[in-house]
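Participant: What follows is entry-v2.cif, made up of mmCIF, C-alpha atoms:
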data_entry
#
loop_
_atom_site.label_atom_id
_atom_site.label_comp_id
_atom_site.auth_asym_id
_atom_site.auth_seq_id
_atom_site.Cartn_x
_atom_site.Cartn_y
_atom_site.Cartn_z
CA MET A 288 -251.72 29.76 -24.82
CA PRO A 289 -249.00 27.11 -24.94
CA LEU A 290 -249.95 23.46 -25.06
CA SER A 291 -249.87 21.83 -21.66
CA VAL A 292 -250.21 18.21 -22.75
CA PRO A 293 -247.08 16.46 -21.43
CA ILE A 294 -244.81 14.56 -23.79
CA SER A 295 -242.55 11.91 -22.30
CA TYR A 296 -238.79 12.21 -22.74
CA THR A 297 -236.49 9.21 -22.29
CA ARG A 298 -232.77 9.21 -21.54
CA TYR A 299 -230.76 6.43 -19.91
CA LEU A 300 -227.18 7.74 -20.24
CA ASP A 301 -226.00 11.27 -19.59
CA ASP A 302 -223.23 12.99 -21.55
CA HIS A 303 -220.59 11.38 -19.34
CA GLY A 304 -221.88 7.88 -20.01
CA GLN A 305 -223.37 7.59 -16.54
CA PRO A 306 -226.83 6.05 -16.03
CA SER A 307 -229.41 8.75 -15.33
CA GLY A 308 -231.82 6.24 -13.79
CA GLU A 309 -232.71 2.58 -13.84
CA LEU A 310 -231.57 0.87 -17.04
CA PRO A 311 -233.67 -1.64 -19.01
CA GLY A 312 -232.95 -5.29 -18.28
CA TRP A 313 -231.56 -5.95 -21.77
CA VAL A 314 -228.61 -3.63 -21.03
CA ASP A 315 -227.09 -6.60 -19.19
CA ASP A 316 -226.24 -8.07 -22.61
CA PRO A 317 -222.61 -6.94 -23.19
CA GLN A 318 -222.56 -8.19 -26.79
CA LEU A 319 -225.47 -5.95 -27.73
CA LEU A 320 -223.73 -2.94 -26.21
CA LEU A 321 -220.50 -3.73 -28.05
CA ASP A 322 -222.44 -4.22 -31.29
CA PHE A 323 -223.97 -0.77 -30.88
CA HIS A 324 -220.53 0.77 -30.40
CA ARG A 325 -218.99 -1.10 -33.31
CA GLN A 326 -221.82 -0.18 -35.64
CA MET A 327 -221.89 3.50 -34.72
CA THR A 328 -218.12 3.69 -35.13
CA LEU A 329 -218.42 2.06 -38.55
CA VAL A 330 -221.11 4.55 -39.55
CA ARG A 331 -218.95 7.53 -38.60
CA ALA A 332 -215.84 6.19 -40.34
CA PHE A 333 -217.82 5.32 -43.47
CA ASP A 334 -219.46 8.75 -43.36
CA GLN A 335 -216.04 10.42 -43.36
CA LYS A 336 -215.01 8.31 -46.34
CA CYS A 337 -218.17 9.26 -48.24
CA VAL A 338 -217.50 12.95 -47.71
CA ALA A 339 -213.91 12.48 -48.90
CA LEU A 340 -215.10 10.62 -52.01
CA GLN A 341 -217.54 13.42 -52.80
CA ARG A 342 -214.87 16.08 -52.37
CA THR A 343 -212.68 14.24 -54.88
CA GLY A 344 -215.49 13.84 -57.40
CA GLN A 345 -215.97 10.08 -57.02
CA ILE A 346 -219.59 10.27 -55.82
CA GLY A 347 -222.23 12.98 -56.03
CA THR A 348 -223.88 15.08 -53.34
CA TYR A 349 -223.95 13.20 -50.04
CA ALA A 350 -225.97 13.69 -46.83
CA SER A 351 -223.79 13.18 -43.76
CA THR A 352 -224.96 11.39 -40.60
CA LEU A 353 -222.29 12.92 -38.36
CA GLY A 354 -223.59 13.14 -34.79
CA GLN A 355 -226.76 11.19 -35.58
CA GLU A 356 -225.32 7.66 -35.64
CA ALA A 357 -227.27 6.44 -32.60
CA ILE A 358 -230.67 6.91 -34.22
CA GLY A 359 -230.12 4.83 -37.35
CA THR A 360 -228.11 2.18 -35.54
CA ALA A 361 -230.77 1.68 -32.87
CA LEU A 362 -233.58 1.76 -35.41
CA GLY A 363 -231.98 -0.83 -37.67
CA ARG A 364 -231.36 -3.13 -34.71
CA ALA A 365 -234.94 -2.77 -33.43
CA MET A 366 -236.51 -3.81 -36.74
CA THR A 367 -236.92 -7.43 -37.85
CA GLU A 368 -236.36 -8.78 -41.34
CA ALA A 369 -240.14 -8.98 -41.76
CA ASP A 370 -240.50 -5.23 -41.28
CA VAL A 371 -240.06 -2.70 -44.07
CA LEU A 372 -237.96 0.47 -43.92
CA ILE A 373 -239.18 3.49 -45.88
CA PRO A 374 -236.16 5.78 -45.46
CA TYR A 375 -235.13 9.32 -46.21
CA TYR A 376 -231.74 10.49 -47.36
CA ARG A 377 -229.97 10.48 -43.97
CA ASP A 378 -230.46 6.80 -43.20
CA THR A 379 -227.05 5.32 -43.96
CA ALA A 380 -226.79 3.93 -40.43
CA THR A 381 -230.12 2.12 -40.66
CA GLN A 382 -229.32 0.66 -44.05
CA LEU A 383 -225.94 -0.62 -42.88
CA GLN A 384 -227.54 -2.17 -39.81
CA ARG A 385 -230.06 -3.96 -42.05
CA GLY A 386 -227.29 -5.44 -44.15
CA VAL A 387 -227.07 -3.14 -47.17
CA ALA A 388 -223.49 -3.27 -48.48
CA MET A 389 -221.34 -0.17 -48.28
CA GLN A 390 -220.51 -0.42 -51.98
CA ASP A 391 -224.23 -0.33 -52.78
CA ILE A 392 -224.64 2.83 -50.73
CA LEU A 393 -221.67 4.36 -52.55
CA ALA A 394 -223.20 3.37 -55.88
CA TYR A 395 -226.45 5.12 -54.95
CA TRP A 396 -224.70 8.37 -54.06
CA GLY A 397 -222.63 7.93 -57.22
CA GLY A 398 -225.80 8.15 -59.31
CA ASP A 399 -225.90 4.44 -60.17
CA GLU A 400 -229.33 2.77 -60.21
CA ARG A 401 -227.71 -0.47 -59.05
CA GLY A 402 -227.15 1.22 -55.70
CA SER A 403 -230.83 0.65 -54.91
CA ALA A 404 -230.87 -2.99 -56.05
CA TRP A 405 -229.27 -4.46 -52.95
CA THR A 406 -229.59 -8.14 -52.10
CA ALA A 407 -229.31 -8.04 -48.31
CA PRO A 408 -231.86 -10.55 -46.91
CA GLY A 409 -232.91 -8.11 -44.20
CA ALA A 410 -233.62 -5.32 -46.65
CA LEU A 411 -235.06 -6.97 -49.77
CA GLU A 412 -238.41 -5.21 -49.45
CA ASP A 413 -237.07 -1.95 -48.02
CA PHE A 414 -237.76 1.11 -50.14
CA PRO A 415 -235.00 3.08 -51.86
CA ILE A 416 -233.81 6.35 -50.36
CA CYS A 417 -236.39 9.12 -50.68
CA VAL A 418 -235.03 12.59 -51.42
CA PRO A 419 -238.32 14.55 -51.79
CA ILE A 420 -239.28 15.83 -48.36
CA ALA A 421 -241.88 13.80 -46.39
CA THR A 422 -243.36 11.89 -49.34
CA GLN A 423 -241.98 8.68 -47.81
CA ALA A 424 -244.47 9.05 -44.94
CA CYS A 425 -247.29 8.56 -47.45
CA HIS A 426 -245.56 5.49 -48.87
CA ALA A 427 -245.22 4.06 -45.36
CA CYS A 428 -248.96 4.32 -44.82
CA GLY A 429 -249.49 2.43 -48.06
CA VAL A 430 -247.14 -0.34 -46.95
CA ALA A 431 -248.76 -0.51 -43.51
CA SER A 432 -252.21 -0.67 -45.13
CA ALA A 433 -251.08 -3.69 -47.14
CA PHE A 434 -249.85 -5.39 -43.97
CA ARG A 435 -253.19 -4.75 -42.31
CA ILE A 436 -255.24 -6.00 -45.25
CA ARG A 437 -253.11 -9.16 -45.45
CA GLN A 438 -253.30 -9.55 -41.67
CA GLN A 439 -249.52 -9.84 -41.49
CA PRO A 440 -247.70 -9.12 -38.20
CA ARG A 441 -245.31 -6.73 -39.91
CA VAL A 442 -244.48 -3.07 -39.36
CA ALA A 443 -243.68 -0.20 -41.71
CA VAL A 444 -241.04 2.14 -40.30
CA THR A 445 -240.42 5.51 -41.88
CA THR A 446 -237.96 8.26 -41.05
CA CYS A 447 -237.67 11.97 -41.70
CA GLY A 448 -235.95 15.11 -40.48
CA ASP A 449 -237.45 17.85 -38.35
CA GLY A 450 -238.19 20.03 -41.37
CA ALA A 451 -240.33 17.31 -42.93
CA THR A 452 -242.79 17.48 -40.02
CA SER A 453 -243.99 20.81 -41.41
CA LYS A 454 -245.00 19.28 -44.74
CA GLY A 455 -248.55 18.32 -45.60
CA ASP A 456 -247.43 14.84 -46.65
CA PHE A 457 -246.24 14.15 -43.11
CA LEU A 458 -249.29 15.56 -41.35
CA GLU A 459 -251.72 13.81 -43.69
CA SER A 460 -249.88 10.54 -43.14
CA LEU A 461 -250.16 10.92 -39.37
CA ASN A 462 -253.88 11.57 -39.72
CA LEU A 463 -254.47 8.53 -41.93
CA ALA A 464 -252.33 6.29 -39.72
CA GLY A 465 -254.36 7.35 -36.70
CA VAL A 466 -257.76 6.91 -38.34
CA TRP A 467 -256.92 3.48 -39.73
CA GLN A 468 -254.74 2.45 -36.76
CA LEU A 469 -251.98 1.34 -39.11
CA PRO A 470 -248.93 -0.69 -38.07
CA VAL A 471 -246.48 2.12 -38.81
CA VAL A 472 -243.83 3.91 -36.74
CA PHE A 473 -242.74 7.44 -37.61
CA VAL A 474 -239.17 8.22 -36.48
CA VAL A 475 -238.26 11.90 -36.59
CA ASN A 476 -234.58 12.82 -36.59
CA ASN A 477 -234.77 16.23 -34.96
CA ASN A 478 -231.21 17.40 -35.68
CA GLN A 479 -232.25 21.05 -35.09
CA TRP A 480 -231.76 22.25 -38.67
CA ALA A 481 -233.87 21.99 -41.83
CA ILE A 482 -231.00 22.99 -44.10
CA SER A 483 -230.48 26.57 -42.85
CA VAL A 484 -233.75 26.94 -40.92
CA PRO A 485 -233.42 26.30 -37.17
CA ARG A 486 -235.98 24.26 -35.27
CA SER A 487 -237.16 27.42 -33.46
CA LEU A 488 -238.40 28.92 -36.75
CA GLN A 489 -239.93 25.74 -38.16
CA SER A 490 -242.82 25.10 -35.83
CA ALA A 491 -244.54 26.69 -32.82
CA ALA A 492 -245.30 23.24 -31.38
CA PRO A 493 -243.58 22.72 -27.99
CA THR A 494 -242.13 19.48 -29.36
CA LEU A 495 -242.43 17.82 -32.74
CA ALA A 496 -243.90 14.82 -30.93
CA HIS A 497 -246.91 17.00 -30.05
CA LYS A 498 -247.92 16.81 -33.72
CA ALA A 499 -248.97 13.20 -33.12
CA LEU A 500 -251.66 14.29 -30.69
CA ALA A 501 -253.83 15.92 -33.36
CA ALA A 502 -253.81 12.59 -35.20
CA GLY A 503 -254.85 10.72 -32.08
CA ILE A 504 -251.68 8.66 -31.86
CA PRO A 505 -248.96 8.45 -29.19
CA GLY A 506 -246.02 10.80 -29.53
CA GLU A 507 -242.85 10.85 -27.44
CA GLN A 508 -239.36 12.30 -27.32
CA VAL A 509 -236.13 10.44 -26.75
CA ASP A 510 -232.54 11.60 -26.39
CA GLY A 511 -231.26 10.89 -29.89
CA ASN A 512 -227.66 10.85 -28.65
CA ASP A 513 -228.39 7.97 -26.27
CA VAL A 514 -228.43 4.76 -28.32
CA LEU A 515 -229.83 2.80 -25.37
CA ALA A 516 -232.85 5.08 -25.06
CA VAL A 517 -233.49 5.20 -28.80
CA TYR A 518 -233.33 1.43 -29.14
CA ASP A 519 -235.59 0.87 -26.15
CA ARG A 520 -238.35 3.28 -27.15
CA ILE A 521 -238.35 2.42 -30.86
CA SER A 522 -238.42 -1.30 -30.04
CA ILE A 523 -241.49 -0.74 -27.88
CA ALA A 524 -243.17 1.32 -30.61
CA ILE A 525 -242.50 -1.33 -33.25
CA GLU A 526 -243.80 -4.17 -31.10
CA ARG A 527 -246.83 -2.08 -30.21
CA ALA A 528 -247.62 -1.69 -33.90
CA ARG A 529 -246.97 -5.38 -34.54
CA ALA A 530 -249.49 -6.28 -31.82
CA GLY A 531 -252.21 -4.31 -33.62
CA LYS A 532 -252.15 -1.32 -31.27
CA GLY A 533 -251.52 1.27 -33.97
CA PRO A 534 -248.89 3.86 -34.87
CA THR A 535 -246.41 5.84 -32.79
CA LEU A 536 -244.32 8.94 -33.47
CA VAL A 537 -240.87 8.92 -31.86
CA GLU A 538 -238.97 12.23 -31.98
CA CYS A 539 -235.22 11.68 -31.52
CA VAL A 540 -233.59 14.88 -30.33
CA THR A 541 -230.03 15.18 -31.61
CA TYR A 542 -227.84 17.62 -33.54
CA ARG A 543 -226.45 17.73 -37.07
CA LEU A 544 -222.72 18.18 -36.53
CA GLY A 545 -221.96 18.44 -40.25
CA ASP A 546 -223.37 20.36 -43.17
CA HIS A 547 -226.86 19.55 -44.43
CA THR A 548 -225.23 17.87 -47.43
CA THR A 549 -221.89 18.23 -49.17
CA SER A 550 -223.55 21.00 -51.22
CA ASP A 551 -224.08 23.07 -48.07
CA ASP A 552 -221.85 25.28 -45.93
CA ALA A 553 -223.38 25.39 -42.46
CA SER A 554 -220.85 27.97 -41.25
CA ARG A 555 -222.84 30.57 -43.20
CA TYR A 556 -225.83 30.30 -40.89
CA ARG A 557 -224.75 28.39 -37.76
CA ASP A 558 -222.85 29.81 -34.82
CA ALA A 559 -219.49 28.14 -34.14
CA ASP A 560 -220.09 28.19 -30.37
CA GLU A 561 -223.35 26.30 -30.83
CA LEU A 562 -221.58 23.64 -32.86
CA SER A 563 -218.80 23.37 -30.29
CA GLU A 564 -221.35 22.86 -27.53
CA ALA A 565 -223.20 20.21 -29.54
CA TRP A 566 -220.03 18.14 -29.87
CA LYS A 567 -220.09 17.65 -26.09
CA HIS A 568 -223.29 15.61 -26.45
CA GLU A 569 -222.41 13.38 -29.42
CA PRO A 570 -223.45 9.71 -29.11
CA ILE A 571 -220.34 7.61 -29.73
CA GLY A 572 -218.22 9.12 -26.97
CA ARG A 573 -221.16 8.82 -24.58
CA LEU A 574 -221.58 5.08 -25.17
CA GLN A 575 -217.82 4.55 -25.15
CA ARG A 576 -217.54 6.13 -21.71
CA PHE A 577 -220.30 3.84 -20.47
CA LEU A 578 -218.49 0.79 -21.87
CA HIS A 579 -215.26 1.88 -20.19
CA GLY A 580 -217.13 2.16 -16.92
CA GLN A 581 -218.49 -1.35 -17.35
CA GLY A 582 -215.02 -2.75 -18.04
CA LEU A 583 -216.03 -3.68 -21.59
CA TRP A 584 -213.72 -1.36 -23.54
CA ASP A 585 -210.21 0.03 -23.55
CA GLU A 586 -207.82 1.90 -25.83
CA GLU A 587 -206.26 -1.25 -27.29
CA LYS A 588 -209.68 -2.55 -28.36
CA GLU A 589 -210.52 0.84 -29.85
CA GLN A 590 -207.37 0.93 -31.96
CA GLN A 591 -208.01 -2.60 -33.22
CA LEU A 592 -211.59 -1.70 -34.07
CA GLN A 593 -210.47 1.34 -36.06
CA ARG A 594 -208.02 -0.81 -38.03
CA ASP A 595 -210.65 -3.47 -38.76
CA LEU A 596 -213.24 -0.94 -39.87
CA GLY A 597 -210.71 0.89 -42.03
CA GLU A 598 -209.96 -2.33 -43.89
CA ARG A 599 -213.66 -3.04 -44.40
CA ILE A 600 -214.35 0.43 -45.71
CA ASN A 601 -211.37 0.41 -48.06
CA ALA A 602 -212.49 -2.95 -49.47
CA ALA A 603 -215.98 -1.56 -50.06
CA VAL A 604 -214.57 1.49 -51.85
CA GLU A 605 -212.52 -0.76 -54.13
CA ALA A 606 -215.61 -2.88 -54.84
CA PHE A 607 -217.48 0.30 -55.77
CA ARG A 608 -214.67 1.51 -58.01
CA SER A 609 -214.55 -1.92 -59.68
CA LEU A 610 -218.20 -1.93 -60.71
CA PRO A 611 -218.67 -2.42 -64.45
CA GLU A 612 -219.79 0.63 -66.38
CA ALA A 613 -223.46 1.30 -65.69
CA ASP A 614 -226.08 0.99 -68.43
CA PRO A 615 -226.57 4.62 -69.50
CA GLY A 616 -230.27 3.99 -70.10
CA ALA A 617 -230.89 2.75 -66.57
CA ALA A 618 -231.94 6.20 -65.38
CA PHE A 619 -235.11 5.79 -67.45
CA ASP A 620 -235.97 2.27 -66.32
CA HIS A 621 -237.66 3.00 -62.99
CA LEU A 622 -239.64 6.14 -63.73
CA PHE A 623 -242.84 4.66 -65.14
CA ALA A 624 -244.44 1.24 -65.56
CA GLU A 625 -244.64 2.11 -69.24
CA LEU A 626 -242.23 4.76 -70.46
CA PRO A 627 -243.98 7.69 -72.23
CA GLU A 628 -242.95 8.34 -75.80
CA ARG A 629 -241.15 11.61 -75.08
CA TYR A 630 -238.90 9.87 -72.55
CA ARG A 631 -238.44 6.90 -74.84
CA GLN A 632 -237.04 9.26 -77.47
CA GLN A 633 -234.66 10.81 -74.93
CA ARG A 634 -233.47 7.39 -73.81
CA ASP A 635 -232.86 6.26 -77.39
CA GLU A 636 -230.90 9.43 -78.14
CA LEU A 637 -228.79 8.88 -75.02
CA LEU A 638 -228.03 5.28 -75.96
CA ILE A 639 -226.99 6.34 -79.46
CA ARG A 640 -224.66 8.96 -77.97
CA ALA A 641 -223.26 6.47 -75.47
CA THR A 642 -222.51 4.00 -78.23
CA ALA A 643 -220.72 6.68 -80.23
CA LEU A 644 -218.61 7.49 -77.17
CA GLY A 645 -217.64 3.88 -76.64
CA GLY A 646 -220.31 2.76 -74.18
CA SER A 647 -220.25 5.69 -71.79
CA ALA A 648 -222.89 8.41 -71.60
CA HIS A 649 -220.38 10.83 -70.06
CA GLY A 650 -218.32 13.30 -71.97
#
Written as structure tokens, that's how I'd like the structure from this file.
Facilitator:
Amino acid sequence: MPLSVPISYTRYLDDHGQPSGELPGWVDDPQLLLDFHRQMTLVRAFDQKCVALQRTGQIGTYASTLGQEAIGTALGRAMTEADVLIPYYRDTATQLQRGVAMQDILAYWGGDERGSAWTAPGALEDFPICVPIATQACHACGVASAFRIRQQPRVAVTTCGDGATSKGDFLESLNLAGVWQLPVVFVVNNNQWAISVPRSLQSAAPTLAHKALAAGIPGEQVDGNDVLAVYDRISIAIERARAGKGPTLVECVTYRLGDHTTSDDASRYRDADELSEAWKHEPIGRLQRFLHGQGLWDEEKEQQLQRDLGERINAAVEAFRSLPEADPGAAFDHLFAELPERYRQQRDELLIRATALGGSAHG
């Protein structure tokens, strides 16, 4: 028997950029709307550069955000500096919105430990990118528990993909957050694919937001291609948590327009017609059409924006390329509070080899 408990779904703009109902009052702020557009456009352009750098061997495997720019942009804008982000590997947009430098993000994907040592004031206590699936949800509950014990009006925000909602780490975290009424918000990027496994084969739940119900916490869906809706609903969830009213799960329904990572070839398992249809719903064009309708945007402004962003991205790439050679032993520095002897021996051997090669561990 299918579940009949209703889950709310929020959308403010349709695919043509037309309001689908009454808009929130804050939409009257033209600067906020333009900031959303500028940031999403930056994310997409930077994403394209990252893929190009990986293809030419300048960084390692990279997880694209193509088609999912609205989620991270809205999330980063909704958080305050006091809040803490516990991200997963597809959170470039959120990190950029919170002030992490593009060259730091490039350094991370280039295998450099310094890529997680950013100095952005709005992200100093944010966690590094988490690649293991769903373990970051557990970390978020730990952070939120600390906020509660300290009686701080702060919120832990954690993200994951749709596939992660099938992991025990995620479900256990929901349960704990509900029992302890923790100030944590779970944001699920439902991009329809867990690598090659479609959403339809991942879970029998009518929506991923339904999984919140078993934990006794609110769950809702939002159109993940509508930056206005994502920002509005996540802002409400964060402020709800800050006010001591407990956790929320927000499922953002979108689509992964690119490969899972640069190590993947989605054409092997995904129908081309499905991908073509998904492009009709992507978020940047939707917001741009709305801005045009409001008289806030035109082709000349778009061309100037593309030039400005191109210059910024190129400068960041040069800053990344100009980084001094990384300490070859740095990979061992953040594994344990006290490095076990077997790893100490490996590190020492690596440093000896690096010295013999003139300071580089490569070769």
Participant: What are the closest atom pairs, with distances in Å to one decimal, for each residue of segment 525-578 of chain A lying within 8 Å of segment 432-448 of chain A, using all atoms listed in the file, rows by chain and rising residue number, as a tab-separated table?
Facilitator:
residue	atom	partner	partner_atom	distance
A:Ile525	CA	A:Val442	CA	6.7
A:Ala528	CA	A:Val442	CA	6.4
A:Arg529	CA	A:Pro440	CA	5.3
A:Ala530	CA	A:Pro440	CA	7.2
Participant: Let me see the file: selected residues, C-alpha atoms, as a PDB file, keeping the file's coordinate frame.
Facilitator:
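After the write, part-v1.pdb holds the following:
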ATOM      1  CA  ILE A 525    -242.500  -1.330 -33.250  1.00  0.00           C
ATOM      2  CA  ALA A 528    -247.620  -1.690 -33.900  1.00  0.00           C
ATOM      3  CA  ARG A 529    -246.970  -5.380 -34.540  1.00  0.00           C
ATOM      4  CA  ALA A 530    -249.490  -6.280 -31.820  1.00  0.00           C
TER       5      ALA A 530
END
Participant: Compile the contact shell of Lys454 of chain A as a list in words: residues with an atom at most 8 Å away, counting all atoms listed in the file, same-chain residues fewer than 3 positions apart removed.
Facilitator: Ile420, Ala421, Gly450, Ala451, Phe457 and Leu458 of chain A
Participant: Can you tell me how far atom CA of Ala427 of chain A sits from atom CA of Leu372 of chain A, in Å to one decimal?
Facilitator: 8.2 Å
Participant: Name the closest residue to Tyr376 of chain A among the candidates A:Pro408, A:Asp302, A:His547, A:Ser483; distances are taken between atoms, counting only C-alpha atoms.
Facilitator: A:His547
Participant: With the file shown as input, list the residues that the PyMOL selection byres ((chain A and resi 510) around 9) selects, as a list of chain:residue names.
Facilitator: A:Tyr296, A:Thr297, A:Arg298, A:Tyr299, A:Gln508, A:Val509, A:Gly511, A:Asn512, A:Asp513, A:Val514, A:Ala516, A:Val517, A:Glu538, A:Cys539, A:Val540, A:Thr541
Participant: Can you pull out every residue within 10 Å of Asp378 of chain A, counting only C-alpha atoms, but drop anything in the same chain fewer than 2 positions away, and send it as a PyMOL selection string?
Facilitator: chain A and resi 350-352+355-356+358-360+362-363+372-376+380-383+416-417+446-447+476
Participant: How many Å lie between atom CA of Val474 of chain A and atom CA of Tyr349 of chain A, rounded to one decimal?
Facilitator: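 Atom-to-atom, atom CA of Val474 of chain A to atom CA of Tyr349 of chain A, that is 21.0 Å.
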Participant: Which is closest to Asp552 of chain A among A:Ile482, A:Val475, A:His497, A:Gly616, if we use all atoms listed in the file?
Facilitator: A:Ile482
Participant: Excluding segment 384-399 of chain A and residues on its chain fewer than 6 positions from it, collect all residues at most 10 Å away from it, counting all atoms listed in the file, and give them as a PDB file with C-alpha atoms, in the frame of the given file.
Facilitator:
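Ended up saving to result_39.pdb:
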ATOM      1  CA  PHE A 323    -223.970  -0.770 -30.880  1.00  0.00           C
ATOM      2  CA  GLN A 326    -221.820  -0.180 -35.640  1.00  0.00           C
ATOM      3  CA  MET A 327    -221.890   3.500 -34.720  1.00  0.00           C
ATOM      4  CA  VAL A 330    -221.110   4.550 -39.550  1.00  0.00           C
ATOM      5  CA  PHE A 333    -217.820   5.320 -43.470  1.00  0.00           C
ATOM      6  CA  LYS A 336    -215.010   8.310 -46.340  1.00  0.00           C
ATOM      7  CA  CYS A 337    -218.170   9.260 -48.240  1.00  0.00           C
ATOM      8  CA  LEU A 340    -215.100  10.620 -52.010  1.00  0.00           C
ATOM      9  CA  GLN A 341    -217.540  13.420 -52.800  1.00  0.00           C
ATOM     10  CA  GLY A 344    -215.490  13.840 -57.400  1.00  0.00           C
ATOM     11  CA  GLN A 345    -215.970  10.080 -57.020  1.00  0.00           C
ATOM     12  CA  ILE A 346    -219.590  10.270 -55.820  1.00  0.00           C
ATOM     13  CA  GLY A 347    -222.230  12.980 -56.030  1.00  0.00           C
ATOM     14  CA  THR A 348    -223.880  15.080 -53.340  1.00  0.00           C
ATOM     15  CA  TYR A 349    -223.950  13.200 -50.040  1.00  0.00           C
ATOM     16  CA  ALA A 350    -225.970  13.690 -46.830  1.00  0.00           C
ATOM     17  CA  GLY A 359    -230.120   4.830 -37.350  1.00  0.00           C
ATOM     18  CA  THR A 360    -228.110   2.180 -35.540  1.00  0.00           C
ATOM     19  CA  ALA A 361    -230.770   1.680 -32.870  1.00  0.00           C
ATOM     20  CA  LEU A 362    -233.580   1.760 -35.410  1.00  0.00           C
ATOM     21  CA  GLY A 363    -231.980  -0.830 -37.670  1.00  0.00           C
ATOM     22  CA  ARG A 364    -231.360  -3.130 -34.710  1.00  0.00           C
ATOM     23  CA  ALA A 365    -234.940  -2.770 -33.430  1.00  0.00           C
ATOM     24  CA  MET A 366    -236.510  -3.810 -36.740  1.00  0.00           C
ATOM     25  CA  THR A 367    -236.920  -7.430 -37.850  1.00  0.00           C
ATOM     26  CA  GLU A 368    -236.360  -8.780 -41.340  1.00  0.00           C
ATOM     27  CA  LEU A 372    -237.960   0.470 -43.920  1.00  0.00           C
ATOM     28  CA  TYR A 376    -231.740  10.490 -47.360  1.00  0.00           C
ATOM     29  CA  TRP A 405    -229.270  -4.460 -52.950  1.00  0.00           C
ATOM     30  CA  THR A 406    -229.590  -8.140 -52.100  1.00  0.00           C
ATOM     31  CA  ALA A 407    -229.310  -8.040 -48.310  1.00  0.00           C
ATOM     32  CA  PRO A 408    -231.860 -10.550 -46.910  1.00  0.00           C
ATOM     33  CA  GLY A 409    -232.910  -8.110 -44.200  1.00  0.00           C
ATOM     34  CA  ALA A 410    -233.620  -5.320 -46.650  1.00  0.00           C
ATOM     35  CA  LEU A 411    -235.060  -6.970 -49.770  1.00  0.00           C
ATOM     36  CA  ASP A 413    -237.070  -1.950 -48.020  1.00  0.00           C
ATOM     37  CA  PRO A 415    -235.000   3.080 -51.860  1.00  0.00           C
ATOM     38  CA  ILE A 416    -233.810   6.350 -50.360  1.00  0.00           C
ATOM     39  CA  ARG A 599    -213.660  -3.040 -44.400  1.00  0.00           C
ATOM     40  CA  ILE A 600    -214.350   0.430 -45.710  1.00  0.00           C
ATOM     41  CA  ASN A 601    -211.370   0.410 -48.060  1.00  0.00           C
ATOM     42  CA  ALA A 602    -212.490  -2.950 -49.470  1.00  0.00           C
ATOM     43  CA  ALA A 603    -215.980  -1.560 -50.060  1.00  0.00           C
ATOM     44  CA  VAL A 604    -214.570   1.490 -51.850  1.00  0.00           C
ATOM     45  CA  GLU A 605    -212.520  -0.760 -54.130  1.00  0.00           C
ATOM     46  CA  ALA A 606    -215.610  -2.880 -54.840  1.00  0.00           C
ATOM     47  CA  PHE A 607    -217.480   0.300 -55.770  1.00  0.00           C
ATOM     48  CA  ARG A 608    -214.670   1.510 -58.010  1.00  0.00           C
ATOM     49  CA  SER A 609    -214.550  -1.920 -59.680  1.00  0.00           C
ATOM     50  CA  LEU A 610    -218.200  -1.930 -60.710  1.00  0.00           C
ATOM     51  CA  GLU A 612    -219.790   0.630 -66.380  1.00  0.00           C
ATOM     52  CA  ALA A 613    -223.460   1.300 -65.690  1.00  0.00           C
ATOM     53  CA  ASP A 614    -226.080   0.990 -68.430  1.00  0.00           C
ATOM     54  CA  PRO A 615    -226.570   4.620 -69.500  1.00  0.00           C
ATOM     55  CA  ALA A 617    -230.890   2.750 -66.570  1.00  0.00           C
ATOM     56  CA  ALA A 618    -231.940   6.200 -65.380  1.00  0.00           C
TER      57      ALA A 618
END
Participant: Please provide the set of residues having any atom within 10 Å of segment 557-563 of chain A, restricted to only C-alpha atoms, with same-chain residues fewer than 3 positions apart removed, written as a PyMOL selection string.
Facilitator: chain A and resi 480+483-485+542-546+552-554+566-568
Participant: Can I get the selected residues back with C-alpha atoms, as an mmCIF file, in the frame of the given file?
Facilitator:
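As a result, result.cif now contains:
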data_model
loop_
_atom_site.group_PDB
_atom_site.id
_atom_site.type_symbol
_atom_site.label_atom_id
_atom_site.label_comp_id
_atom_site.auth_asym_id
_atom_site.auth_seq_id
_atom_site.Cartn_x
_atom_site.Cartn_y
_atom_site.Cartn_z
ATOM 1 C CA TRP A 480 -231.760 22.250 -38.670
ATOM 2 C CA SER A 483 -230.480 26.570 -42.850
ATOM 3 C CA VAL A 484 -233.750 26.940 -40.920
ATOM 4 C CA PRO A 485 -233.420 26.300 -37.170
ATOM 5 C CA TYR A 542 -227.840 17.620 -33.540
ATOM 6 C CA ARG A 543 -226.450 17.730 -37.070
ATOM 7 C CA LEU A 544 -222.720 18.180 -36.530
ATOM 8 C CA GLY A 545 -221.960 18.440 -40.250
ATOM 9 C CA ASP A 546 -223.370 20.360 -43.170
ATOM 10 C CA ASP A 552 -221.850 25.280 -45.930
ATOM 11 C CA ALA A 553 -223.380 25.390 -42.460
ATOM 12 C CA SER A 554 -220.850 27.970 -41.250
ATOM 13 C CA TRP A 566 -220.030 18.140 -29.870
ATOM 14 C CA LYS A 567 -220.090 17.650 -26.090
ATOM 15 C CA HIS A 568 -223.290 15.610 -26.450
#
Participant: If you measure from atom CA of Thr452 of chain A to atom CA of Gln489 of chain A, what distance in Å do you get, rounded to one decimal?
Facilitator: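 For atom CA of Thr452 of chain A relative to atom CA of Gln489 of chain A, the distance reads 8.9 Å.
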Participant: Where does the PyMOL selection byres ((chain A and resi 310) around 10) land in this file, that is, which residues does it pick, as number ranges by chain?
Facilitator: A: 298-300, 306-309, 311-315, 515-516, 519
Participant: Select, from A:Gly354, A:Val430, A:Pro611, A:Glu507, the residue with the minimum atom-to-atom distance to Pro493 of chain A, counting only C-alpha atoms.
Facilitator: A:Glu507
